[in-house]
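The file input.txt contains compact mmCIF, C-alpha atoms:
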# COMPACT_ATOMS: atom_id res chain seq x y z
CA MET A 461 -31.60 -34.13 34.44
CA THR A 462 -31.58 -37.92 34.83
CA ASN A 463 -29.29 -39.82 32.49
CA HIS A 464 -30.87 -42.76 30.71
CA PRO A 465 -28.93 -46.05 30.85
CA LEU A 466 -26.69 -46.47 27.83
CA LYS A 467 -27.02 -49.41 25.51
CA PRO A 468 -24.25 -51.84 26.50
CA VAL A 469 -21.23 -52.00 24.22
CA ASP A 470 -20.61 -55.41 22.64
CA ASP A 471 -17.25 -56.11 24.28
CA ARG A 472 -17.32 -59.91 24.50
CA TRP A 473 -14.03 -60.39 22.68
CA VAL A 474 -12.40 -57.68 24.75
CA ARG A 475 -13.46 -59.44 27.94
CA ILE A 476 -12.42 -62.91 26.76
CA SER A 477 -9.04 -61.62 25.59
CA GLY A 478 -8.50 -59.58 28.74
CA ILE A 479 -9.39 -62.41 31.10
CA SER A 480 -7.08 -64.78 29.18
CA LEU A 481 -4.23 -62.27 29.43
CA LEU A 482 -4.72 -61.77 33.15
CA LEU A 483 -4.85 -65.54 33.66
CA LEU A 484 -1.50 -65.95 31.93
CA LEU A 485 -0.01 -63.12 34.02
CA ASP A 486 -1.38 -64.72 37.19
CA LEU A 487 0.07 -68.12 36.36
CA TYR A 488 3.43 -66.64 35.39
CA SER A 489 3.73 -64.54 38.55
CA ALA A 490 2.57 -67.42 40.78
CA GLN A 491 5.05 -70.07 39.58
CA THR A 492 7.13 -69.96 42.77
CA PHE A 493 3.98 -69.99 44.91
CA VAL A 494 2.55 -73.00 43.06
CA HIS A 495 5.76 -75.02 43.39
CA SER A 496 6.32 -74.13 47.05
CA PHE A 497 2.80 -75.27 47.98
CA GLY A 498 2.93 -78.31 45.77
CA LEU A 499 -0.18 -77.30 43.82
CA ALA A 500 -1.13 -79.16 40.69
CA THR A 501 -1.14 -76.98 37.58
CA VAL A 502 -4.78 -77.78 36.82
CA LYS A 503 -5.77 -76.79 40.34
CA ALA A 504 -3.94 -73.48 40.03
CA VAL A 505 -5.45 -72.79 36.60
CA LEU A 506 -8.97 -73.38 37.92
CA GLU A 507 -8.50 -71.07 40.90
CA PHE A 508 -6.88 -68.29 38.90
CA LEU A 509 -9.46 -68.60 36.11
CA VAL A 510 -12.30 -68.09 38.57
CA LEU A 511 -10.45 -65.28 40.35
CA THR A 512 -9.52 -63.48 37.13
CA THR A 513 -13.03 -63.79 35.67
CA ILE A 514 -14.72 -62.48 38.82
CA THR A 515 -12.21 -59.62 39.11
CA TRP A 516 -12.74 -58.55 35.51
CA GLU A 517 -16.52 -58.83 35.60
CA VAL A 518 -16.82 -56.95 38.91
CA ASN A 519 -14.66 -54.13 37.56
CA ARG A 520 -16.67 -54.04 34.35
CA TRP A 521 -19.96 -53.93 36.27
CA ILE A 522 -18.70 -50.93 38.25
CA LEU A 523 -17.57 -49.24 35.00
CA VAL A 524 -21.00 -49.70 33.43
CA ARG A 525 -22.65 -48.07 36.46
CA PHE A 526 -20.32 -45.08 36.24
CA ARG A 527 -20.94 -44.78 32.47
CA ASN A 528 -24.65 -44.45 33.16
CA TRP A 529 -23.90 -41.65 35.64
CA PHE A 530 -21.31 -39.95 33.41
CA PRO A 531 -22.18 -41.02 29.85
CA LEU A 532 -20.58 -38.25 27.80
CA LEU A 533 -17.24 -38.71 26.08
CA SER A 534 -16.24 -35.34 27.51
CA GLU A 535 -16.69 -36.85 30.98
CA THR A 536 -14.22 -39.69 30.34
CA LYS A 537 -11.43 -38.24 32.49
CA LYS A 538 -13.77 -37.53 35.39
CA ARG A 539 -15.31 -41.00 35.12
CA ILE A 540 -11.94 -42.77 35.17
CA LEU A 541 -10.64 -40.76 38.14
CA LEU A 542 -13.76 -41.66 40.12
CA VAL A 543 -13.98 -45.29 39.10
CA LEU A 544 -10.33 -46.27 39.66
CA PRO A 545 -10.35 -46.18 43.48
CA VAL A 546 -13.70 -47.98 43.58
CA CYS A 547 -12.44 -50.71 41.25
CA TRP A 548 -9.20 -50.96 43.26
CA VAL A 549 -11.09 -51.58 46.47
CA ALA A 550 -13.37 -54.08 44.70
CA SER A 551 -10.36 -55.95 43.26
CA VAL A 552 -8.70 -56.15 46.69
CA LEU A 553 -11.91 -57.50 48.22
CA VAL A 554 -12.21 -60.14 45.48
CA ASP A 555 -8.60 -61.23 46.16
CA TRP A 556 -9.25 -61.42 49.88
CA LEU A 557 -12.47 -63.36 49.29
CA ASP A 558 -10.56 -65.88 47.17
CA MET A 559 -7.93 -66.36 49.88
CA PHE A 560 -10.60 -66.64 52.57
CA VAL A 561 -12.50 -69.33 50.63
CA VAL A 562 -9.28 -71.29 49.95
CA ASN A 563 -8.23 -71.10 53.60
CA SER A 564 -11.74 -72.07 54.80
CA THR A 565 -12.21 -75.02 52.43
CA GLY A 566 -8.65 -76.35 52.42
CA TYR A 567 -8.58 -76.23 48.62
CA HIS A 568 -4.82 -76.07 49.01
CA ALA A 569 -2.31 -74.93 51.63
CA PRO A 570 -3.58 -71.76 53.34
CA TYR A 571 -2.49 -68.30 52.26
CA PRO A 572 -0.30 -66.57 54.84
CA LEU A 573 -1.35 -63.22 56.29
CA THR A 574 1.27 -61.42 54.22
CA SER A 575 -0.60 -62.51 51.07
CA TYR A 576 -3.49 -60.26 52.09
CA ILE A 577 -1.15 -57.28 52.29
CA ASN A 578 0.76 -58.15 49.12
CA SER A 579 -2.47 -58.37 47.12
CA ILE A 580 -3.16 -54.63 47.51
CA PRO A 581 -0.55 -53.27 45.02
CA GLY A 582 -1.17 -56.18 42.65
CA ALA A 583 -4.90 -55.41 42.64
CA LEU A 584 -4.13 -51.79 41.69
CA ILE A 585 -2.08 -52.93 38.67
CA TYR A 586 -4.84 -55.27 37.51
CA CYS A 587 -7.47 -52.64 38.16
CA VAL A 588 -5.66 -50.06 36.00
CA LEU A 589 -5.24 -52.66 33.23
CA ILE A 590 -8.93 -53.66 33.27
CA VAL A 591 -10.23 -50.08 33.40
CA GLY A 592 -7.83 -49.01 30.65
CA VAL A 593 -8.78 -51.83 28.27
CA GLN A 594 -12.52 -51.53 28.91
CA GLU A 595 -12.54 -47.75 28.60
CA ALA A 596 -10.52 -47.90 25.37
CA ALA A 597 -13.00 -50.39 23.90
CA TYR A 598 -15.91 -48.25 25.09
CA TYR A 599 -14.38 -45.06 23.67
CA PHE A 600 -13.76 -46.53 20.21
CA ALA A 601 -17.21 -48.14 20.12
CA ARG A 602 -18.81 -44.77 20.94
CA LEU A 603 -16.57 -43.04 18.39
CA ILE A 604 -17.59 -45.45 15.62
CA LYS A 605 -21.24 -45.09 16.62
CA ALA A 606 -20.95 -41.29 16.56
CA GLU A 607 -19.38 -41.42 13.08
CA LYS A 608 -22.18 -43.66 11.81
CA GLU A 609 -24.81 -41.35 13.31
CA THR A 610 -23.10 -38.35 11.72
CA GLU A 611 -23.07 -40.05 8.32
CA ALA A 612 -26.72 -41.05 8.73
CA LEU A 613 -27.59 -37.47 9.69
CA LYS A 614 -25.71 -36.11 6.68
CA LYS A 615 -27.53 -38.53 4.40
CA GLU A 616 -30.88 -37.61 5.92
CA ASN A 617 -30.08 -33.92 5.60
CA LEU A 618 -29.00 -34.43 1.99
CA GLN A 619 -32.24 -36.26 1.26
CA THR A 620 -34.26 -33.46 2.85
CA GLN A 621 -32.45 -30.76 0.90
CA LEU A 622 -32.76 -32.63 -2.39
CA GLU A 623 -36.47 -33.13 -1.78
CA SER A 624 -36.83 -29.44 -1.03
CA LEU A 625 -35.07 -28.53 -4.26
CA LYS A 626 -37.20 -30.93 -6.28
CA GLN A 627 -40.37 -29.47 -4.81
CA GLN A 628 -39.29 -26.09 -6.15
CA VAL A 629 -38.88 -27.52 -9.67
CA SER A 630 -42.19 -29.38 -10.08
CA PRO A 631 -44.56 -26.38 -9.64
CA HIS A 632 -42.73 -24.50 -12.41
CA PHE A 633 -43.40 -27.30 -14.86
CA LEU A 634 -47.06 -27.66 -13.89
CA PHE A 635 -47.67 -23.90 -14.00
CA ASN A 636 -46.16 -23.49 -17.46
CA SER A 637 -47.93 -26.56 -18.81
CA LEU A 638 -51.32 -25.34 -17.58
CA ASN A 639 -50.67 -21.97 -19.18
CA THR A 640 -49.98 -23.71 -22.47
CA LEU A 641 -53.11 -25.84 -22.14
CA SER A 642 -55.20 -22.77 -21.36
CA TYR A 643 -53.89 -21.11 -24.50
CA LEU A 644 -54.70 -24.14 -26.67
CA ILE A 645 -58.22 -24.65 -25.32
CA GLY A 646 -59.32 -21.35 -26.74
CA ASP A 647 -57.40 -21.79 -29.99
CA ASP A 648 -57.68 -25.43 -31.07
CA ALA A 649 -59.76 -27.98 -29.16
CA LYS A 650 -58.27 -31.00 -30.94
CA GLN A 651 -54.75 -29.79 -30.30
CA ALA A 652 -55.71 -29.14 -26.69
CA GLU A 653 -56.97 -32.72 -26.32
CA LYS A 654 -53.77 -34.10 -27.81
CA PHE A 655 -51.72 -31.79 -25.65
CA LEU A 656 -53.58 -32.91 -22.54
CA ASP A 657 -52.89 -36.54 -23.41
CA GLU A 658 -49.18 -35.82 -23.82
CA LEU A 659 -49.19 -33.74 -20.65
CA SER A 660 -50.61 -36.64 -18.63
CA LYS A 661 -47.85 -38.93 -19.94
CA VAL A 662 -45.14 -36.39 -19.18
CA TYR A 663 -46.45 -35.55 -15.72
CA ARG A 664 -46.85 -39.22 -14.86
CA TYR A 665 -43.16 -39.64 -15.66
CA LEU A 666 -42.34 -36.48 -13.74
CA LEU A 667 -44.04 -37.73 -10.58
CA ARG A 668 -42.47 -41.17 -10.84
CA ASN A 669 -38.96 -39.94 -11.56
CA ASN A 670 -39.15 -37.22 -8.93
CA GLU A 671 -38.86 -39.97 -6.31
CA ASN A 672 -35.21 -40.54 -7.29
CA GLU A 673 -32.28 -38.20 -6.75
CA LEU A 674 -30.48 -39.46 -9.86
CA THR A 675 -31.48 -40.75 -13.27
CA ASN A 676 -29.45 -41.93 -16.25
CA LEU A 677 -29.01 -39.67 -19.24
CA ALA A 678 -30.95 -41.97 -21.58
CA THR A 679 -34.05 -41.79 -19.35
CA GLU A 680 -33.71 -38.05 -18.93
CA MET A 681 -33.48 -37.60 -22.71
CA GLN A 682 -36.66 -39.64 -23.26
CA PHE A 683 -38.44 -37.25 -20.94
CA ILE A 684 -36.90 -34.21 -22.66
CA ARG A 685 -38.22 -35.39 -26.03
CA SER A 686 -41.73 -35.72 -24.57
CA TYR A 687 -41.47 -32.41 -22.78
CA PHE A 688 -40.20 -30.68 -25.92
CA HIS A 689 -43.16 -32.08 -27.84
CA LEU A 690 -45.45 -30.10 -25.53
CA LEU A 691 -43.41 -26.94 -26.06
CA LYS A 692 -43.35 -27.52 -29.80
CA THR A 693 -47.13 -27.74 -29.79
CA ARG A 694 -47.31 -24.19 -28.59
CA TYR A 695 -44.35 -22.54 -30.31
CA GLY A 696 -44.25 -24.45 -33.58
CA ASP A 697 -41.36 -23.60 -35.88
CA SER A 698 -40.27 -20.81 -33.54
CA LEU A 699 -38.60 -23.38 -31.24
CA HIS A 700 -35.96 -25.95 -32.19
CA LEU A 701 -34.10 -28.65 -30.26
CA GLN A 702 -30.79 -30.08 -31.45
CA LEU A 703 -29.35 -33.16 -29.75
CA ALA A 704 -25.78 -34.47 -29.92
CA ILE A 705 -25.63 -37.24 -27.34
CA GLU A 706 -22.86 -39.83 -27.54
CA PRO A 707 -24.31 -43.30 -26.83
CA ARG A 708 -21.48 -44.13 -24.42
CA PHE A 709 -22.77 -41.44 -22.02
CA GLU A 710 -26.37 -42.66 -21.93
CA ALA A 711 -25.73 -44.76 -18.81
CA TYR A 712 -24.17 -41.83 -16.94
CA LEU A 713 -26.17 -40.20 -14.15
CA LEU A 714 -27.35 -36.71 -13.34
CA PRO A 715 -29.90 -35.24 -10.90
CA SER A 716 -33.46 -35.88 -12.05
CA LEU A 717 -35.13 -33.13 -14.11
CA THR A 718 -31.90 -31.16 -14.58
CA LEU A 719 -32.35 -30.93 -18.36
CA GLN A 720 -36.06 -30.14 -18.05
CA LEU A 721 -35.30 -27.16 -15.84
CA LEU A 722 -32.57 -25.88 -18.17
CA LEU A 723 -34.84 -26.20 -21.18
CA GLU A 724 -37.64 -24.51 -19.28
CA ASN A 725 -35.33 -21.63 -18.33
CA ALA A 726 -34.33 -21.12 -21.96
CA VAL A 727 -37.97 -20.87 -23.00
CA LYS A 728 -38.91 -18.69 -20.06
CA HIS A 729 -36.22 -16.02 -20.43
CA ASN A 730 -35.86 -15.73 -24.23
CA ILE A 731 -37.98 -14.33 -27.04
CA ILE A 732 -39.54 -17.08 -29.16
CA HIS A 733 -40.95 -15.81 -32.44
CA LYS A 734 -41.02 -16.77 -36.10
CA THR A 735 -38.67 -13.90 -36.83
CA GLN A 736 -36.51 -14.78 -33.81
CA PRO A 737 -36.57 -18.56 -33.40
CA LEU A 738 -34.98 -20.08 -30.31
CA THR A 739 -32.65 -23.06 -30.75
CA VAL A 740 -31.66 -25.15 -27.75
CA GLN A 741 -28.75 -27.58 -28.06
CA ILE A 742 -27.95 -30.47 -25.70
CA ILE A 743 -24.44 -31.78 -26.27
CA THR A 744 -22.22 -34.31 -24.51
CA ARG A 745 -18.49 -33.64 -24.42
CA PRO A 746 -15.62 -36.16 -24.48
CA ASP A 747 -14.57 -35.18 -20.96
CA GLY A 748 -17.86 -36.41 -19.45
CA LEU A 749 -19.57 -33.02 -19.31
CA LEU A 750 -22.93 -32.09 -20.78
CA THR A 751 -23.77 -28.63 -22.13
CA VAL A 752 -27.19 -27.11 -22.68
CA LYS A 753 -26.99 -23.90 -24.69
CA ASN A 754 -29.26 -21.58 -26.63
CA ASN A 755 -28.98 -18.51 -28.78
CA LEU A 756 -29.45 -15.48 -26.53
CA GLN A 757 -32.38 -13.17 -27.18
CA LYS A 758 -33.49 -12.02 -23.77
CA LYS A 759 -37.01 -10.92 -23.03
CA VAL A 760 -37.44 -7.41 -21.69
CA GLN A 761 -38.42 -8.02 -18.08
CA ASN A 762 -39.43 -5.49 -15.46
CA VAL A 763 -38.03 -7.70 -12.71
CA PRO A 764 -34.49 -9.12 -13.20
CA SER A 765 -34.14 -12.90 -13.20
CA THR A 766 -33.35 -14.39 -9.78
CA ARG A 767 -31.75 -17.48 -11.36
CA ILE A 768 -33.40 -19.67 -8.73
CA GLY A 769 -33.51 -22.57 -11.19
CA LEU A 770 -29.78 -22.45 -11.83
CA ALA A 771 -29.13 -22.08 -8.11
CA ASN A 772 -31.19 -25.22 -7.48
CA ILE A 773 -29.23 -27.18 -10.07
CA ALA A 774 -25.92 -25.97 -8.66
CA ALA A 775 -27.06 -26.90 -5.14
CA LYS A 776 -27.97 -30.42 -6.24
CA PHE A 777 -24.53 -31.10 -7.72
CA ARG A 778 -22.86 -29.53 -4.68
CA LEU A 779 -24.86 -31.72 -2.29
CA LEU A 780 -23.84 -34.77 -4.33
CA ASN A 781 -20.16 -33.77 -4.00
CA GLN A 782 -19.78 -33.20 -7.73
CA ARG A 783 -17.91 -30.56 -9.71
CA GLU A 784 -19.46 -27.12 -9.87
CA ILE A 785 -21.64 -26.37 -12.86
CA THR A 786 -20.45 -23.60 -15.19
CA VAL A 787 -22.62 -20.84 -16.63
CA GLU A 788 -21.33 -18.90 -19.64
CA GLU A 789 -23.09 -15.96 -21.22
CA THR A 790 -21.96 -14.04 -24.29
CA GLU A 791 -23.74 -11.52 -26.48
CA LEU A 792 -24.99 -14.32 -28.71
CA GLU A 793 -25.24 -17.41 -26.54
CA PHE A 794 -26.11 -18.72 -23.08
CA ALA A 795 -24.67 -22.08 -21.97
CA VAL A 796 -24.81 -24.22 -18.83
CA THR A 797 -22.41 -27.15 -18.43
CA VAL A 798 -22.97 -29.88 -15.86
CA PRO A 799 -20.93 -32.97 -14.96
CA LEU A 800 -22.20 -36.45 -15.72
CA MET A 801 -21.67 -39.09 -13.03
CA THR A 802 -20.71 -42.72 -13.47
CA GLY A 803 -22.91 -45.30 -11.79

Take the structure in the file and write it out as structure tokens.
Amino acid sequence: MTNHPLKPVDDRWVRISGISLLLLLDLYSAQTFVHSFGLATVKAVLEFLVLTTITWEVNRWILVRFRNWFPLLSETKKRILLVLPVCWVASVLVDWLDMFVVNSTGYHAPYPLTSYINSIPGALIYCVLIVGVQEAAYYFARLIKAEKETEALKKENLQTQLESLKQQVSPHFLFNSLNTLSYLIGDDAKQAEKFLDELSKVYRYLLRNNENELTNLATEMQFIRSYFHLLKTRYGDSLHLQLAIEPRFEAYLLPSLTLQLLLENAVKHNIIHKTQPLTVQIITRPDGLLTVKNNLQKKVQNVPSTRIGLANIAAKFRLLNQREITVEETELEFAVTVPLMTG
């Protein structure tokens, strides 16, 4: 398979810093040479600046080619072992070219033949330094990029899972509401018309709020009051809602439609009758938790409850890295407690 060229790493400051360091090393190591040949400092700085820059850039160019051939981080060792001898040869050739140009142009006193030989080990040292610095910068840039891509992937996956969970909630609400409307149409046309008007308001809110993962408690409670009005239309005095919400928690956040699903579950799984009224309580606690509870009077069901709704709620809080929800069931009461989140 052919490897596609990698997007170049922004290493400008690494190159500028590296070239400056090599220039200082060159000038320091060449002090005796400069004095013995009577070179002016400016002349030496210009030569070594050009030499250092070309050496660095040639080595970097070779490194980029090898990265395109061996782009994986797992291939780093192999890439370095292959590129080092190539960069060493290239560095030696650049040194020799510099000495040849100086000797040909008379820029200063000619380099002796021994300088060609002595440049070989020096080129290896510089080559190792350049490759090491450039590869370290490349490795950390790739590492940071990989971390960002991982975070982006996690966020995308979280979004996908939350959307999937929300899609499982909405049909329940629509199905139950249509059942209620169907019941009212045959029983009371005026009530059915009023119910349909309230249903359109509630469902408009449902669709709009379903676009967000989180909503504040005050907004969620406004929806619950509207939603409960629809339930009350059907069940009358057989269904009661008691609220005990501390104002200081109204700005706290929770996954959208959490309370609607809990209220819906209470209605779905319990007997609601004049002789057995159902009371649902929504209560905030001083420790930042919110409890939804109801008196327990289970319907006789042929098929046991799968608790998909509760599993969806638990999954939402888990995906948002929040505390686990708690579910408590006694002979008389069923309660679900969820954490509220600060903005």

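Picture a line from atom CA of A:Ile742 to atom CA of A:Leu703; it runs 5.1 Å.
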
Nearest residue to A:Asp486 from the set A:Thr797, A:Gln782, A:Asn563, A:Ser579 (distances using all atoms listed in the file): A:Ser579

Within 9 Å of stretch 634-646 of chain A using all atoms listed in the file, minus same-chain residues under 3 positions, as a PyMOL selection string: chain A and resi 630-631+649-653+655-656+659+663+690-691+693-694+724

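For the pair atom CA of A:Tyr599 and atom CA of A:Cys547, the separation is 18.6 Å.
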
Separation of atom CA of A:Lys753 from atom CA of A:Asn772 in Å: 17.8 Å

Surrounding residues of A:Thr790 excluding itself and chain neighbours under 4 positions, 10 Å, all atoms listed in the file, as a list in words: Asn755, Leu756, Phe794 and Ala795 of chain A

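With distances restricted to all atoms listed in the file, A:Leu800 is the closest residue to A:Tyr712 from A:Leu800, A:Ala726, A:Val518, A:Leu699.
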
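Counting all atoms listed in the file and comparing A:Phe683, A:Ile731, A:Lys537, A:Arg472, the residue that lies closest to A:Lys758 is A:Ile731.
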
Local residues around (-17.4, -50.6, 36.3), at most 9 Å away, using only C-alpha atoms, as a list in words: Glu517, Val518, Asn519, Arg520, Trp521, Ile522, Leu523, Val524, Arg525, Phe526, Arg527, Val543, Leu544, Val546, Cys547, Val591 and Gln594 of chain A

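Closest approach to A:Ile479 from the set A:Tyr586, A:Trp548, A:Trp529, A:Phe777 is made by A:Tyr586, with distances taken over only C-alpha atoms.
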
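If you measure from each of A:Leu717, A:Val760, A:Leu482, A:Leu511 to A:Leu553 using all atoms listed in the file, the closest one turns out to be A:Leu511.
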
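Closest to A:Cys587 among A:Pro737, A:Pro545, A:Pro715, A:Pro531 is A:Pro545, based on all atoms listed in the file.
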
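The point (-20.4, -22.6, -14.3) has these residues within 8 Å of it, counting only C-alpha atoms: Glu784, Ile785, Thr786, Val787, Glu788, Val796, Thr797 and Val798 of chain A.
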
Shell around A:Lys503 at 9 Å using all atoms listed in the file, local window under 4 positions removed, as a PyMOL selection string: chain A and resi 499+507-508+567-568

How about completing stretch 560-582 of chain A with N, CA, C and O atoms and giving it to me as a short mmCIF file (atom, residue, chain, number, x, y, z; two decimals), keeping the file's coordinate frame?
data_model
loop_
_atom_site.label_atom_id
_atom_site.label_comp_id
_atom_site.auth_asym_id
_atom_site.auth_seq_id
_atom_site.Cartn_x
_atom_site.Cartn_y
_atom_site.Cartn_z
N PHE A 560 -9.78 -66.19 51.45
CA PHE A 560 -10.60 -66.64 52.57
C PHE A 560 -11.27 -67.98 52.25
O PHE A 560 -11.31 -68.89 53.09
N VAL A 561 -11.82 -68.09 51.01
CA VAL A 561 -12.50 -69.33 50.63
C VAL A 561 -11.50 -70.49 50.59
O VAL A 561 -11.80 -71.60 51.06
N VAL A 562 -10.30 -70.24 50.02
CA VAL A 562 -9.28 -71.29 49.95
C VAL A 562 -8.88 -71.74 51.35
O VAL A 562 -8.79 -72.94 51.64
N ASN A 563 -8.65 -70.77 52.24
CA ASN A 563 -8.23 -71.10 53.60
C ASN A 563 -9.33 -71.81 54.37
O ASN A 563 -9.07 -72.68 55.22
N SER A 564 -10.62 -71.47 54.07
CA SER A 564 -11.74 -72.07 54.80
C SER A 564 -12.05 -73.48 54.31
O SER A 564 -12.45 -74.36 55.09
N THR A 565 -11.85 -73.72 53.00
CA THR A 565 -12.21 -75.02 52.43
C THR A 565 -11.04 -75.99 52.36
O THR A 565 -11.24 -77.18 52.11
N GLY A 566 -9.81 -75.48 52.54
CA GLY A 566 -8.65 -76.35 52.42
C GLY A 566 -8.40 -76.77 50.98
O GLY A 566 -7.89 -77.86 50.73
N TYR A 567 -8.79 -75.92 50.04
CA TYR A 567 -8.58 -76.23 48.62
C TYR A 567 -7.11 -76.52 48.36
O TYR A 567 -6.76 -77.39 47.57
N HIS A 568 -6.24 -75.77 49.00
CA HIS A 568 -4.82 -76.07 49.01
C HIS A 568 -4.24 -75.45 50.27
O HIS A 568 -4.99 -74.94 51.13
N ALA A 569 -2.95 -75.48 50.43
CA ALA A 569 -2.31 -74.93 51.63
C ALA A 569 -2.77 -73.50 51.85
O ALA A 569 -2.93 -72.74 50.88
N PRO A 570 -3.01 -73.09 53.08
CA PRO A 570 -3.58 -71.76 53.34
C PRO A 570 -2.64 -70.62 52.94
O PRO A 570 -1.42 -70.76 52.97
N TYR A 571 -3.25 -69.51 52.56
CA TYR A 571 -2.49 -68.30 52.26
C TYR A 571 -2.02 -67.68 53.57
O TYR A 571 -2.80 -67.56 54.53
N PRO A 572 -0.77 -67.25 53.63
CA PRO A 572 -0.30 -66.57 54.84
C PRO A 572 -0.90 -65.15 54.90
O PRO A 572 -1.41 -64.62 53.93
N LEU A 573 -0.81 -64.56 56.09
CA LEU A 573 -1.35 -63.22 56.29
C LEU A 573 -0.71 -62.19 55.38
O LEU A 573 -1.36 -61.25 54.92
N THR A 574 0.57 -62.39 55.07
CA THR A 574 1.27 -61.42 54.22
C THR A 574 0.67 -61.38 52.80
O THR A 574 0.78 -60.37 52.11
N SER A 575 0.01 -62.49 52.40
CA SER A 575 -0.60 -62.51 51.07
C SER A 575 -1.72 -61.49 50.97
O SER A 575 -1.96 -60.91 49.90
N TYR A 576 -2.42 -61.26 52.10
CA TYR A 576 -3.49 -60.26 52.09
C TYR A 576 -2.91 -58.87 51.83
O TYR A 576 -3.49 -58.06 51.09
N ILE A 577 -1.77 -58.60 52.46
CA ILE A 577 -1.15 -57.28 52.29
C ILE A 577 -0.56 -57.15 50.89
O ILE A 577 -0.71 -56.11 50.22
N ASN A 578 0.11 -58.20 50.43
CA ASN A 578 0.76 -58.15 49.12
C ASN A 578 -0.24 -58.05 47.97
O ASN A 578 0.12 -57.63 46.85
N SER A 579 -1.47 -58.42 48.20
CA SER A 579 -2.47 -58.37 47.12
C SER A 579 -2.92 -56.95 46.80
O SER A 579 -3.45 -56.70 45.71
N ILE A 580 -2.67 -56.01 47.70
CA ILE A 580 -3.16 -54.63 47.51
C ILE A 580 -2.50 -53.95 46.30
O ILE A 580 -3.20 -53.45 45.42
N PRO A 581 -1.15 -53.91 46.21
CA PRO A 581 -0.55 -53.27 45.02
C PRO A 581 -0.83 -54.05 43.74
O PRO A 581 -1.00 -53.46 42.66
N GLY A 582 -0.87 -55.38 43.83
CA GLY A 582 -1.17 -56.18 42.65
C GLY A 582 -2.58 -55.91 42.13
O GLY A 582 -2.80 -55.84 40.91
#
